[in-house]
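Undergrad: This one is work39.txt, compact mmCIF, C-alpha atoms (C1' of nucleotides).
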# COMPACT_ATOMS: atom_id res chain seq x y z
CA MET A 16 4.46 99.24 39.02
CA THR A 17 7.78 100.75 38.07
CA SER A 18 9.36 97.37 38.49
CA LYS A 19 11.64 97.42 35.47
CA ALA A 20 14.90 96.06 36.83
CA ASP A 21 17.17 98.49 35.04
CA GLY A 22 19.08 99.48 38.12
CA ILE A 23 16.68 102.38 38.22
CA SER A 24 15.12 103.21 41.54
CA ALA A 25 11.40 102.67 41.99
CA GLU A 26 11.12 105.06 44.92
CA THR A 27 11.44 108.38 43.20
CA ALA A 28 9.93 107.04 40.04
CA SER A 29 6.46 107.31 41.50
CA LEU A 30 6.50 111.08 41.55
CA ILE A 31 5.26 113.52 38.96
CA GLY A 32 4.56 117.03 39.95
CA PHE A 33 5.19 115.50 43.37
CA GLU A 34 2.21 113.19 42.98
CA LYS A 35 1.81 109.47 42.42
CA HIS A 36 0.82 108.31 38.99
CA ASP A 37 0.90 105.41 36.60
CA HIS A 38 4.54 105.62 35.78
CA ASP A 39 4.79 102.92 33.13
CA ALA A 40 2.06 104.60 31.15
CA CYS A 41 3.73 107.95 31.60
CA VAL A 42 7.03 106.64 30.24
CA ALA A 43 5.29 105.10 27.27
CA GLU A 44 3.36 108.26 26.54
CA GLY A 45 6.44 110.44 26.79
CA LEU A 46 8.31 108.22 24.41
CA ALA A 47 5.41 108.05 21.98
CA ALA A 48 5.03 111.82 21.96
CA VAL A 49 8.71 112.30 21.15
CA GLU A 50 8.65 109.63 18.49
CA ALA A 51 5.69 111.34 16.89
CA ARG A 52 7.42 114.71 16.82
CA CYS A 53 10.61 113.23 15.44
CA ALA A 54 8.70 111.50 12.69
CA ALA A 55 6.80 114.68 11.92
CA GLU A 56 9.90 116.86 11.78
CA GLY A 57 12.32 114.40 10.24
CA LEU A 58 14.50 114.19 13.33
CA ARG A 59 16.58 111.12 13.96
CA LEU A 60 15.78 109.50 17.27
CA THR A 61 18.75 107.16 17.20
CA PRO A 62 19.32 104.34 19.70
CA VAL A 63 21.56 106.37 22.03
CA ARG A 64 19.23 109.35 22.00
CA ARG A 65 16.23 107.17 22.55
CA LYS A 66 17.89 105.32 25.39
CA VAL A 67 18.88 108.56 27.13
CA LEU A 68 15.31 109.78 26.86
CA GLU A 69 14.06 106.49 28.26
CA PHE A 70 16.39 106.75 31.24
CA LEU A 71 15.15 110.23 32.01
CA LEU A 72 11.51 109.31 31.61
CA GLN A 73 12.01 106.22 33.74
CA GLU A 74 13.83 108.00 36.56
CA HIS A 75 11.52 110.93 36.46
CA ARG A 76 14.00 113.21 38.16
CA ALA A 77 17.11 115.14 37.26
CA LEU A 78 20.09 113.02 36.27
CA GLY A 79 23.61 114.31 35.73
CA ALA A 80 25.33 113.62 32.43
CA TYR A 81 27.71 111.22 34.11
CA ALA A 82 24.92 109.25 35.75
CA ILE A 83 23.38 108.89 32.33
CA LEU A 84 26.72 107.91 30.92
CA ASP A 85 26.98 105.09 33.48
CA LEU A 86 23.58 103.80 32.45
CA LEU A 87 24.58 103.97 28.80
CA ARG A 88 27.72 102.00 29.51
CA ASP A 89 25.66 99.31 31.23
CA GLU A 90 23.63 99.00 28.07
CA GLY A 91 26.67 98.62 25.86
CA PHE A 92 26.87 102.12 24.42
CA GLY A 93 30.00 104.24 24.30
CA SER A 94 31.20 105.32 27.69
CA GLN A 95 32.97 108.63 27.07
CA PRO A 96 31.34 111.92 28.09
CA PRO A 97 30.64 113.19 24.57
CA VAL A 98 28.31 110.27 23.97
CA ALA A 99 26.01 111.42 26.74
CA TYR A 100 26.43 115.12 26.09
CA ARG A 101 25.66 114.82 22.42
CA ALA A 102 22.50 112.88 23.02
CA LEU A 103 21.46 115.38 25.67
CA ASP A 104 22.25 118.30 23.38
CA PHE A 105 20.02 116.85 20.70
CA LEU A 106 17.17 116.16 23.09
CA ALA A 107 17.44 119.55 24.75
CA GLU A 108 17.68 121.41 21.47
CA HIS A 109 14.32 120.03 20.46
CA GLY A 110 12.73 120.47 23.86
CA PHE A 111 12.44 116.78 24.70
CA VAL A 112 14.52 117.22 27.82
CA HIS A 113 15.44 120.28 29.84
CA LYS A 114 18.62 121.17 31.60
CA ILE A 115 18.27 122.18 35.23
CA GLU A 116 21.00 124.78 35.53
CA ARG A 117 20.89 124.80 39.27
CA LEU A 118 21.76 121.11 39.42
CA ASN A 119 23.81 120.69 36.29
CA ALA A 120 21.43 117.92 35.46
CA PHE A 121 18.69 116.97 33.03
CA VAL A 122 15.01 115.99 33.19
CA ALA A 123 12.64 114.66 30.58
CA CYS A 124 10.10 117.22 29.47
CA SER A 125 6.66 116.74 30.98
CA HIS A 126 4.86 118.39 28.09
CA PRO A 127 6.49 117.17 24.93
CA GLY A 128 4.72 118.33 21.86
CA GLU A 129 3.72 121.78 22.97
CA THR A 130 6.10 124.67 22.74
CA HIS A 131 6.50 126.12 26.15
CA SER A 132 8.76 128.02 28.46
CA PRO A 133 9.21 125.72 31.37
CA ALA A 134 9.65 126.55 35.03
CA PHE A 135 10.91 124.07 37.58
CA MET A 136 10.36 123.40 41.23
CA ILE A 137 13.37 121.68 42.76
CA CYS A 138 13.24 120.12 46.19
CA ARG A 139 16.47 120.88 47.99
CA LEU A 140 16.03 117.84 50.23
CA CYS A 141 15.29 115.05 47.78
CA ASP A 142 16.15 116.68 44.45
CA ALA A 143 12.77 115.85 42.98
CA VAL A 144 11.90 118.15 40.10
CA ALA A 145 8.46 119.17 38.90
CA GLU A 146 7.83 121.10 35.73
CA ALA A 147 5.35 123.94 35.49
CA GLN A 148 4.63 126.59 32.93
CA SER A 149 5.78 130.14 33.22
CA MET A 150 5.54 133.24 31.14
CA PRO A 151 8.28 135.29 32.72
CA ALA A 152 8.42 137.57 29.72
CA LYS A 153 4.88 138.69 30.51
CA GLY A 154 5.61 139.97 33.99
CA ALA A 155 8.06 142.35 35.57
CA LEU A 156 10.94 140.82 33.68
CA GLY A 157 9.30 141.43 30.33
CA THR A 158 8.64 145.03 31.27
CA ALA A 159 12.26 145.51 32.34
CA ALA A 160 13.50 143.89 29.15
CA ARG A 161 11.38 146.12 26.94
CA ALA A 162 12.52 149.16 28.86
CA ALA A 163 16.17 148.15 28.48
CA GLY A 164 15.80 147.20 24.83
CA PHE A 165 16.78 143.64 25.60
CA HIS A 166 15.43 140.94 23.34
CA ILE A 167 14.56 137.78 25.30
CA GLU A 168 15.07 134.53 23.43
CA LYS A 169 14.83 132.01 26.19
CA THR A 170 14.30 131.97 29.94
CA VAL A 171 15.51 129.84 32.78
CA VAL A 172 13.13 129.73 35.74
CA GLU A 173 13.96 127.46 38.63
CA ALA A 174 12.43 127.61 42.08
CA GLU A 175 14.24 125.93 44.92
CA GLY A 176 12.34 124.86 48.00
CA VAL A 177 10.77 121.90 49.72
CA CYS A 178 8.37 119.47 48.11
CA PRO A 179 5.23 118.32 49.91
CA SER A 180 6.50 114.86 50.77
CA CYS A 181 9.72 116.19 52.30
CA ALA A 182 7.73 118.79 54.21
CA ASP A 183 5.60 115.99 55.62
CA LYS A 184 8.64 114.02 56.69
CA ALA A 185 10.11 117.07 58.37
CA ASN A 186 6.93 117.66 60.37
CA ALA A 187 6.61 114.04 61.46
CA MET B 11 36.04 157.44 33.18
CA THR B 12 36.62 153.85 34.18
CA SER B 13 40.31 154.31 33.67
CA LYS B 14 41.63 152.45 36.70
CA ALA B 15 44.47 150.40 35.29
CA ASP B 16 43.79 147.22 37.21
CA GLY B 17 43.98 144.98 34.21
CA ILE B 18 40.24 145.39 34.19
CA SER B 19 38.65 146.23 30.89
CA ALA B 20 37.13 149.65 30.44
CA GLU B 21 34.95 148.61 27.52
CA THR B 22 32.31 146.60 29.25
CA ALA B 23 32.69 148.52 32.46
CA SER B 24 30.60 151.32 31.08
CA LEU B 25 27.44 149.29 31.06
CA ILE B 26 24.76 149.04 33.68
CA GLY B 27 21.43 147.74 32.70
CA PHE B 28 23.03 148.06 29.25
CA GLU B 29 23.37 151.81 29.67
CA LYS B 30 26.30 154.13 30.22
CA HIS B 31 26.78 155.60 33.61
CA ASP B 32 29.29 157.07 35.99
CA HIS B 33 31.06 153.87 36.78
CA ASP B 34 33.49 155.08 39.42
CA ALA B 35 30.63 156.46 41.44
CA CYS B 36 28.69 153.27 40.98
CA VAL B 37 31.57 151.17 42.29
CA ALA B 38 31.98 153.43 45.30
CA GLU B 39 28.27 153.36 46.04
CA GLY B 40 28.07 149.60 45.79
CA LEU B 41 30.98 149.18 48.13
CA ALA B 42 29.59 151.69 50.60
CA ALA B 43 26.21 149.99 50.63
CA VAL B 44 27.78 146.63 51.39
CA GLU B 45 30.02 148.09 54.07
CA ALA B 46 26.99 149.64 55.69
CA ARG B 47 25.10 146.38 55.73
CA CYS B 48 28.06 144.46 57.09
CA ALA B 49 28.50 146.98 59.86
CA ALA B 50 24.81 146.87 60.65
CA GLU B 51 24.65 143.08 60.75
CA GLY B 52 28.01 142.33 62.27
CA LEU B 53 29.37 140.65 59.14
CA ARG B 54 33.08 140.56 58.50
CA LEU B 55 33.98 142.15 55.19
CA THR B 56 37.56 140.91 55.23
CA PRO B 57 40.22 141.96 52.70
CA VAL B 58 39.70 139.01 50.35
CA ARG B 59 35.93 139.37 50.42
CA ARG B 60 36.14 143.07 49.90
CA LYS B 61 38.56 142.68 47.02
CA VAL B 62 36.36 140.13 45.29
CA LEU B 63 33.42 142.47 45.62
CA GLU B 64 35.51 145.31 44.20
CA PHE B 65 36.50 143.24 41.19
CA LEU B 66 32.91 142.40 40.45
CA LEU B 67 31.72 145.97 40.90
CA GLN B 68 34.57 147.22 38.73
CA GLU B 69 34.01 144.75 35.91
CA HIS B 70 30.29 145.09 36.07
CA ARG B 71 29.71 141.82 34.33
CA ALA B 72 29.76 138.15 35.20
CA LEU B 73 33.15 136.75 36.14
CA GLY B 74 33.97 133.10 36.64
CA ALA B 75 35.51 131.99 39.91
CA TYR B 76 38.82 131.30 38.20
CA ALA B 77 38.95 134.73 36.59
CA ILE B 78 38.45 136.20 40.02
CA LEU B 79 41.11 133.90 41.38
CA ASP B 80 43.58 135.23 38.81
CA LEU B 81 42.83 138.77 39.88
CA LEU B 82 43.29 137.81 43.52
CA ARG B 83 46.61 136.24 42.76
CA ASP B 84 47.74 139.44 41.05
CA GLU B 85 46.94 141.28 44.25
CA GLY B 86 48.92 138.91 46.41
CA PHE B 87 46.12 136.84 47.88
CA GLY B 88 46.02 133.08 47.97
CA SER B 89 45.71 131.54 44.56
CA GLN B 90 43.90 128.29 45.15
CA PRO B 91 40.24 127.84 44.18
CA PRO B 92 38.83 127.71 47.71
CA VAL B 93 40.04 131.24 48.33
CA ALA B 94 37.80 132.59 45.60
CA TYR B 95 34.91 130.22 46.23
CA ARG B 96 34.78 130.99 49.92
CA ALA B 97 34.70 134.72 49.37
CA LEU B 98 32.02 134.27 46.72
CA ASP B 99 30.00 132.01 49.01
CA PHE B 100 30.05 134.63 51.71
CA LEU B 101 29.08 137.43 49.36
CA ALA B 102 26.36 135.40 47.71
CA GLU B 103 24.95 134.17 50.99
CA HIS B 104 24.33 137.72 52.02
CA GLY B 105 23.06 138.87 48.66
CA PHE B 106 26.01 141.11 47.80
CA VAL B 107 26.74 139.14 44.68
CA HIS B 108 24.61 136.72 42.66
CA LYS B 109 25.55 133.57 40.87
CA ILE B 110 24.46 133.37 37.26
CA GLU B 111 23.71 129.68 36.95
CA ARG B 112 23.58 129.80 33.22
CA LEU B 113 27.17 131.04 33.03
CA ASN B 114 28.65 129.50 36.15
CA ALA B 115 29.75 133.00 36.98
CA PHE B 116 29.11 135.79 39.43
CA VAL B 117 27.97 139.43 39.30
CA ALA B 118 27.84 142.12 41.93
CA CYS B 119 24.33 142.88 43.08
CA SER B 120 22.86 146.05 41.60
CA HIS B 121 20.57 146.67 44.53
CA PRO B 122 22.50 145.90 47.68
CA GLY B 123 20.61 146.77 50.78
CA GLU B 124 17.16 145.78 49.69
CA THR B 125 16.00 142.22 49.91
CA HIS B 126 14.94 141.16 46.48
CA SER B 127 14.52 138.24 44.16
CA PRO B 128 16.67 139.11 41.23
CA ALA B 129 16.17 138.32 37.57
CA PHE B 130 18.91 138.60 34.99
CA MET B 131 19.14 139.44 31.34
CA ILE B 132 22.18 137.83 29.77
CA CYS B 133 23.40 138.80 26.32
CA ARG B 134 24.44 135.67 24.50
CA LEU B 135 26.76 137.65 22.25
CA CYS B 136 28.77 139.77 24.68
CA ASP B 137 27.88 138.13 28.03
CA ALA B 138 26.79 141.43 29.52
CA VAL B 139 24.41 140.94 32.41
CA ALA B 140 21.72 143.29 33.67
CA GLU B 141 19.80 142.77 36.85
CA ALA B 142 16.07 143.36 37.14
CA GLN B 143 13.47 142.54 39.73
CA SER B 144 11.08 139.67 39.46
CA MET B 145 8.37 138.20 41.58
CA PRO B 146 8.05 134.81 39.96
CA ALA B 147 6.25 133.46 42.98
CA LYS B 148 3.41 135.86 42.25
CA GLY B 149 2.67 134.60 38.76
CA ALA B 150 1.95 131.27 37.16
CA LEU B 151 4.80 129.63 39.00
CA GLY B 152 3.44 130.66 42.37
CA THR B 153 0.05 129.30 41.46
CA ALA B 154 1.55 126.00 40.34
CA ALA B 155 3.62 125.78 43.51
CA ARG B 156 0.62 126.36 45.76
CA ALA B 157 -1.36 123.79 43.83
CA ALA B 158 1.44 121.25 44.17
CA GLY B 159 2.09 122.03 47.82
CA PHE B 160 5.62 123.13 47.02
CA HIS B 161 7.20 125.71 49.28
CA ILE B 162 9.39 128.13 47.31
CA GLU B 163 12.42 129.43 49.17
CA LYS B 164 14.41 130.98 46.38
CA THR B 165 14.10 131.47 42.65
CA VAL B 166 16.52 131.61 39.78
CA VAL B 167 15.32 133.70 36.85
CA GLU B 168 17.65 134.23 33.93
CA ALA B 169 16.68 135.46 30.49
CA GLU B 170 19.03 134.84 27.62
CA GLY B 171 18.89 137.02 24.55
CA VAL B 172 20.53 139.95 22.84
CA CYS B 173 21.34 143.26 24.47
CA PRO B 174 20.62 146.55 22.69
CA SER B 175 24.21 147.31 21.78
CA CYS B 176 24.79 143.89 20.23
CA ALA B 177 21.50 144.20 18.38
CA ASP B 178 22.72 147.51 16.95
CA LYS B 179 25.99 145.99 15.84
CA ALA B 180 24.17 143.12 14.17
CA ASN B 181 21.97 145.53 12.21
CA ALA B 182 24.85 147.73 11.10
C1' DA C 17 26.79 98.80 -7.53
C1' DA C 18 30.16 102.49 -6.55
C1' DC C 19 30.63 107.02 -4.88
C1' DC C 20 29.97 110.89 -2.14
C1' DT C 21 27.99 113.74 1.34
C1' DT C 22 26.17 114.26 5.71
C1' DC C 23 25.43 113.33 10.12
C1' DA C 24 26.05 110.21 14.31
C1' DT C 25 29.03 107.59 17.15
C1' DG C 26 33.37 106.18 19.51
C1' DT C 27 37.60 107.35 21.83
C1' DG C 28 41.54 109.74 24.02
C1' DA C 29 42.97 113.84 25.97
C1' DT C 30 42.14 118.14 28.09
C1' DT C 31 39.81 122.11 30.09
C1' DT C 32 36.77 124.25 33.26
C1' DT C 33 34.27 124.34 37.52
C1' DA C 34 33.89 123.00 42.27
C1' DT C 35 34.81 120.63 46.74
C1' DA C 36 37.28 117.82 50.41
C1' DA C 37 40.57 117.65 53.87
C1' DC C 38 43.72 119.55 56.75
C1' DA C 39 47.08 123.12 58.65
C1' DT C 40 47.82 127.83 60.01
C1' DG C 41 46.60 132.35 61.57
C1' DA C 42 43.67 136.30 63.41
C1' DC C 43 40.70 137.83 67.03
C1' DG C 44 37.48 138.40 70.71
C1' DA C 45 35.54 136.37 75.31
C1' DG C 46 36.44 134.78 79.59
C1' DC D 10 46.94 133.91 78.57
C1' DT D 11 44.23 130.47 76.40
C1' DC D 12 40.38 128.82 74.49
C1' DG D 13 36.91 128.73 70.97
C1' DT D 14 35.53 130.48 66.62
C1' DC D 15 36.00 131.84 62.27
C1' DA D 16 38.93 133.13 58.10
C1' DT D 17 42.73 131.98 55.20
C1' DG D 18 46.12 129.13 52.80
C1' DT D 19 47.49 124.88 50.47
C1' DT D 20 47.39 120.16 48.50
C1' DA D 21 44.73 117.13 46.29
C1' DT D 22 40.79 115.46 44.00
C1' DA D 23 36.17 115.31 42.17
C1' DA D 24 32.65 116.66 38.92
C1' DA D 25 31.12 118.77 34.67
C1' DA D 26 31.99 119.91 29.97
C1' DT D 27 34.53 120.35 25.62
C1' DC D 28 38.15 119.55 21.88
C1' DA D 29 40.05 116.97 18.29
C1' DC D 30 40.13 113.29 15.46
C1' DA D 31 38.85 108.63 13.66
C1' DT D 32 35.19 105.49 12.35
C1' DG D 33 30.75 104.26 10.77
C1' DA D 34 25.92 104.29 9.20
C1' DA D 35 22.13 106.38 5.99
C1' DG D 36 20.59 108.58 1.96
C1' DG D 37 21.14 110.52 -2.61
C1' DT D 38 23.40 110.57 -7.28
C1' DT D 39 25.28 108.71 -11.17
Go ahead and render the structure in this file as structure tokens.
TA:
Amino acid sequence: MTSKADGISAETASLIGFEKHDHDACVAEGLAAVEARCAAEGLRLTPVRRKVLEFLLQEHRALGAYAILDLLRDEGFGSQPPVAYRALDFLAEHGFVHKIERLNAFVACSHPGETHSPAFMICRLCDAVAEAQSMPAKGALGTAARAAGFHIEKTVVEAEGVCPSCADKANA
Amino acid sequence: MTSKADGISAETASLIGFEKHDHDACVAEGLAAVEARCAAEGLRLTPVRRKVLEFLLQEHRALGAYAILDLLRDEGFGSQPPVAYRALDFLAEHGFVHKIERLNAFVACSHPGETHSPAFMICRLCDAVAEAQSMPAKGALGTAARAAGFHIEKTVVEAEGVCPSCADKANA
DNA sequence: AACCTTCATGTGATTTTATAACATGACGAG
DNA sequence: CTCGTCATGTTATAAAATCACATGAAGGTT
């Protein structure tokens, strides 16, 4: 499993929501879901964009734009920053990937297809990232926003802490 | 009001939580609260650190590290990035200022003294920032974290949208 | 087919944000 | 006084992101 020799690590690739899973299937599903939405909405999933998405699905963790750029270069695509940033902008704009502000890095969306306001759990030891749902606008923040007359368009929710496998290692 | 001629704008300085207020008093209070906590905990509020805090209280909006650095230079302090970043690190570590990840910028804390997990409302039109409270670990995110075995240490909650005064302008 | 429009890609240069590495200076404890 | 600790200052560099402009592919119109 996860033996594609793309220079992509197999170690971290076995995590999703910090749990093991059939990663090859998960990559294929992610890609298929995005392809379906692009077809449905007339979006152009070009080779660069598709490749960037594949990298992120394959790695299954947050990658910086420059790490992605290196991978693109290895595959023969353009090697200047805008190439990566533009692909990432497209993917993020349509919710296929998310930017992790805390890390200045990007992850593939775990729930492509559904509209959602994602929340992330970021392990400060191994940088693994798990995506969860959140409805911050429904809680205290939403109340404060209504009181202040602030109109929320989008939320960033990122929790930093320690993932189960790093906690185990620390206790060992 | 807010007429200190420090090269600091008076326009945006009249906002807190997007509302007008007695800004001079608010700066003085913020400073006093931090001084009290430093005295109580044996922290060293040195001249650079104090000045950086003053700038942020005075501006009452998010400032980038390099903007702060420019202000420091004008006051005769060192003018290299580490000077600003170190002061900001100290202030942030103790909760006197917060980093707005979305903007790569910093704001003075609106509730110094109390421990809290802040949430921010960021106007995408004027960059004004208001601080609210949030308990993200109590909602859906907390549930997901417990289920995943993830231990949350700190959360970043930032809502992007439109503040009341920009909404008014847009409607005019 | 020839043309045009639109959008995507490629490239060079630059800007913005942040850190590393090392020297100097202030200050209290012994 | 002097040693250890922490803060500051400075040079240099790394990392992240954008600007500006040229080229190229895809689809529609005539």
Undergrad: Can you give chain A as a compact mmCIF listing (two decimals) with C-alpha atoms, keeping the file's coordinate frame after you superpose it on chain B, pairing all C-alpha atoms in order for the least-squares fit?
TA:
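Now in superposed_36.txt:
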# COMPACT_ATOMS: atom_id res chain seq x y z
CA MET A 16 36.35 157.37 33.48
CA THR A 17 36.87 153.76 34.40
CA SER A 18 40.57 154.24 33.95
CA LYS A 19 41.78 152.27 36.94
CA ALA A 20 44.66 150.26 35.54
CA ASP A 21 43.85 147.03 37.32
CA GLY A 22 44.01 144.90 34.22
CA ILE A 23 40.27 145.37 34.17
CA SER A 24 38.70 146.27 30.87
CA ALA A 25 37.15 149.70 30.46
CA GLU A 26 34.95 148.67 27.54
CA THR A 27 32.34 146.61 29.28
CA ALA A 28 32.70 148.58 32.45
CA SER A 29 30.59 151.37 31.03
CA LEU A 30 27.43 149.31 31.00
CA ILE A 31 24.74 149.03 33.62
CA GLY A 32 21.39 147.75 32.65
CA PHE A 33 22.98 148.06 29.22
CA GLU A 34 23.33 151.81 29.63
CA LYS A 35 26.26 154.14 30.17
CA HIS A 36 26.75 155.58 33.60
CA ASP A 37 29.26 157.05 35.98
CA HIS A 38 31.05 153.86 36.76
CA ASP A 39 33.49 155.08 39.39
CA ALA A 40 30.63 156.47 41.41
CA CYS A 41 28.69 153.27 40.96
CA VAL A 42 31.58 151.18 42.28
CA ALA A 43 31.98 153.46 45.26
CA GLU A 44 28.29 153.38 46.03
CA GLY A 45 28.10 149.62 45.75
CA LEU A 46 31.00 149.22 48.10
CA ALA A 47 29.61 151.74 50.56
CA ALA A 48 26.23 150.04 50.61
CA VAL A 49 27.81 146.67 51.38
CA GLU A 50 30.06 148.14 54.02
CA ALA A 51 27.04 149.70 55.67
CA ARG A 52 25.13 146.44 55.74
CA CYS A 53 28.10 144.53 57.07
CA ALA A 54 28.57 147.05 59.83
CA ALA A 55 24.87 146.94 60.64
CA GLU A 56 24.70 143.16 60.76
CA GLY A 57 28.09 142.43 62.26
CA LEU A 58 29.40 140.72 59.15
CA ARG A 59 33.10 140.62 58.48
CA LEU A 60 34.01 142.18 55.17
CA THR A 61 37.57 140.93 55.19
CA PRO A 62 40.23 141.98 52.67
CA VAL A 63 39.70 139.01 50.32
CA ARG A 64 35.93 139.38 50.40
CA ARG A 65 36.16 143.09 49.87
CA LYS A 66 38.58 142.70 47.00
CA VAL A 67 36.36 140.13 45.27
CA LEU A 68 33.41 142.49 45.58
CA GLU A 69 35.50 145.32 44.18
CA PHE A 70 36.50 143.23 41.17
CA LEU A 71 32.89 142.41 40.44
CA LEU A 72 31.72 145.98 40.87
CA GLN A 73 34.57 147.23 38.72
CA GLU A 74 34.02 144.75 35.89
CA HIS A 75 30.31 145.13 36.03
CA ARG A 76 29.70 141.82 34.32
CA ALA A 77 29.75 138.16 35.19
CA LEU A 78 33.15 136.77 36.14
CA GLY A 79 33.95 133.11 36.65
CA ALA A 80 35.49 132.01 39.93
CA TYR A 81 38.78 131.30 38.21
CA ALA A 82 38.92 134.72 36.58
CA ILE A 83 38.44 136.19 40.02
CA LEU A 84 41.07 133.89 41.39
CA ASP A 85 43.56 135.20 38.81
CA LEU A 86 42.84 138.75 39.87
CA LEU A 87 43.27 137.80 43.51
CA ARG A 88 46.61 136.21 42.75
CA ASP A 89 47.76 139.40 41.04
CA GLU A 90 46.96 141.26 44.22
CA GLY A 91 48.94 138.89 46.39
CA PHE A 92 46.11 136.83 47.85
CA GLY A 93 46.00 133.05 47.95
CA SER A 94 45.70 131.48 44.55
CA GLN A 95 43.86 128.21 45.17
CA PRO A 96 40.20 127.82 44.19
CA PRO A 97 38.79 127.71 47.72
CA VAL A 98 40.01 131.24 48.33
CA ALA A 99 37.77 132.58 45.59
CA TYR A 100 34.88 130.23 46.26
CA ARG A 101 34.76 131.02 49.94
CA ALA A 102 34.70 134.73 49.36
CA LEU A 103 32.00 134.29 46.74
CA ASP A 104 29.99 132.04 49.03
CA PHE A 105 30.04 134.68 51.73
CA LEU A 106 29.07 137.47 49.37
CA ALA A 107 26.34 135.43 47.72
CA GLU A 108 24.93 134.21 51.01
CA HIS A 109 24.30 137.78 52.05
CA GLY A 110 23.04 138.91 48.67
CA PHE A 111 25.99 141.14 47.81
CA VAL A 112 26.70 139.17 44.67
CA HIS A 113 24.59 136.76 42.66
CA LYS A 114 25.53 133.61 40.87
CA ILE A 115 24.45 133.39 37.25
CA GLU A 116 23.72 129.69 36.94
CA ARG A 117 23.60 129.79 33.20
CA LEU A 118 27.18 131.04 33.02
CA ASN A 119 28.67 129.52 36.12
CA ALA A 120 29.74 133.01 36.96
CA PHE A 121 29.10 135.81 39.42
CA VAL A 122 27.95 139.45 39.29
CA ALA A 123 27.82 142.14 41.92
CA CYS A 124 24.31 142.91 43.07
CA SER A 125 22.86 146.08 41.60
CA HIS A 126 20.53 146.69 44.52
CA PRO A 127 22.47 145.95 47.65
CA GLY A 128 20.57 146.80 50.75
CA GLU A 129 17.11 145.80 49.67
CA THR A 130 15.95 142.24 49.89
CA HIS A 131 14.91 141.15 46.48
CA SER A 132 14.49 138.23 44.16
CA PRO A 133 16.64 139.11 41.23
CA ALA A 134 16.14 138.31 37.57
CA PHE A 135 18.88 138.60 34.99
CA MET A 136 19.11 139.44 31.35
CA ILE A 137 22.16 137.84 29.77
CA CYS A 138 23.37 138.80 26.34
CA ARG A 139 24.45 135.68 24.50
CA LEU A 140 26.75 137.70 22.25
CA CYS A 141 28.73 139.81 24.69
CA ASP A 142 27.86 138.18 28.02
CA ALA A 143 26.76 141.47 29.53
CA VAL A 144 24.38 140.95 32.43
CA ALA A 145 21.69 143.30 33.67
CA GLU A 146 19.75 142.78 36.86
CA ALA A 147 16.03 143.34 37.14
CA GLN A 148 13.43 142.51 39.73
CA SER A 149 11.05 139.64 39.44
CA MET A 150 8.33 138.17 41.54
CA PRO A 151 8.06 134.76 39.95
CA ALA A 152 6.24 133.40 42.96
CA LYS A 153 3.39 135.79 42.21
CA GLY A 154 2.66 134.51 38.73
CA ALA A 155 1.95 131.18 37.14
CA LEU A 156 4.81 129.56 38.99
CA GLY A 157 3.45 130.59 42.36
CA THR A 158 0.05 129.22 41.45
CA ALA A 159 1.57 125.92 40.34
CA ALA A 160 3.64 125.72 43.51
CA ARG A 161 0.64 126.30 45.75
CA ALA A 162 -1.33 123.72 43.84
CA ALA A 163 1.48 121.18 44.17
CA GLY A 164 2.13 121.98 47.82
CA PHE A 165 5.65 123.07 47.02
CA HIS A 166 7.23 125.64 49.28
CA ILE A 167 9.40 128.08 47.31
CA GLU A 168 12.44 129.38 49.16
CA LYS A 169 14.41 130.96 46.38
CA THR A 170 14.12 131.45 42.64
CA VAL A 171 16.53 131.59 39.78
CA VAL A 172 15.32 133.67 36.84
CA GLU A 173 17.65 134.21 33.93
CA ALA A 174 16.66 135.44 30.50
CA GLU A 175 19.02 134.83 27.63
CA GLY A 176 18.87 137.03 24.56
CA VAL A 177 20.51 139.95 22.84
CA CYS A 178 21.29 143.27 24.47
CA PRO A 179 20.55 146.55 22.69
CA SER A 180 24.14 147.34 21.80
CA CYS A 181 24.73 143.92 20.24
CA ALA A 182 21.45 144.22 18.37
CA ASP A 183 22.66 147.53 16.97
CA LYS A 184 25.94 146.02 15.85
CA ALA A 185 24.14 143.16 14.17
CA ASN A 186 21.91 145.54 12.21
CA ALA A 187 24.78 147.76 11.11
Undergrad: Which polymer residues have any atom within 6 Å of an atom of range 130-142 of chain A, counting only C-alpha atoms (C1' of nucleotides), with same-chain residues fewer than 2 positions away left out, as an mmCIF file with C-alpha atoms, keeping the file's coordinate frame?
TA:
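New file out-v1.cif:
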data_model
loop_
_atom_site.group_PDB
_atom_site.id
_atom_site.type_symbol
_atom_site.label_atom_id
_atom_site.label_comp_id
_atom_site.auth_asym_id
_atom_site.auth_seq_id
_atom_site.Cartn_x
_atom_site.Cartn_y
_atom_site.Cartn_z
ATOM 1 C CA VAL A 144 11.900 118.150 40.100
ATOM 2 C CA ALA A 145 8.460 119.170 38.900
ATOM 3 C CA GLU A 146 7.830 121.100 35.730
ATOM 4 C CA ALA A 147 5.350 123.940 35.490
ATOM 5 C CA GLN A 148 4.630 126.590 32.930
ATOM 6 C CA SER A 149 5.780 130.140 33.220
ATOM 7 C CA VAL A 172 13.130 129.730 35.740
ATOM 8 C CA GLU A 173 13.960 127.460 38.630
ATOM 9 C CA ALA A 174 12.430 127.610 42.080
ATOM 10 C CA GLU A 175 14.240 125.930 44.920
ATOM 11 C CA GLY A 176 12.340 124.860 48.000
ATOM 12 C CA VAL A 177 10.770 121.900 49.720
ATOM 13 C CA CYS A 178 8.370 119.470 48.110
#
Undergrad: Identify the residues around (33.3, 139.5, 50.6) within a radius of 12 Å, measuring from only C-alpha atoms (C1' of nucleotides) in the coordinates stated by the file, and give them as a count of residues only.
TA: 37
Undergrad: Go ahead and fit an axis-aligned box to every listed atom of range 47-56 of chain B plus 4 Å each side, and pass me the centre and edge lengths in Å, one decimal, as AutoDock Vina command-line options.
TA:
--center_x 31.1 --center_y 143.8 --center_z 58.7 --size_x 20.9 --size_y 14.4 --size_z 15.1
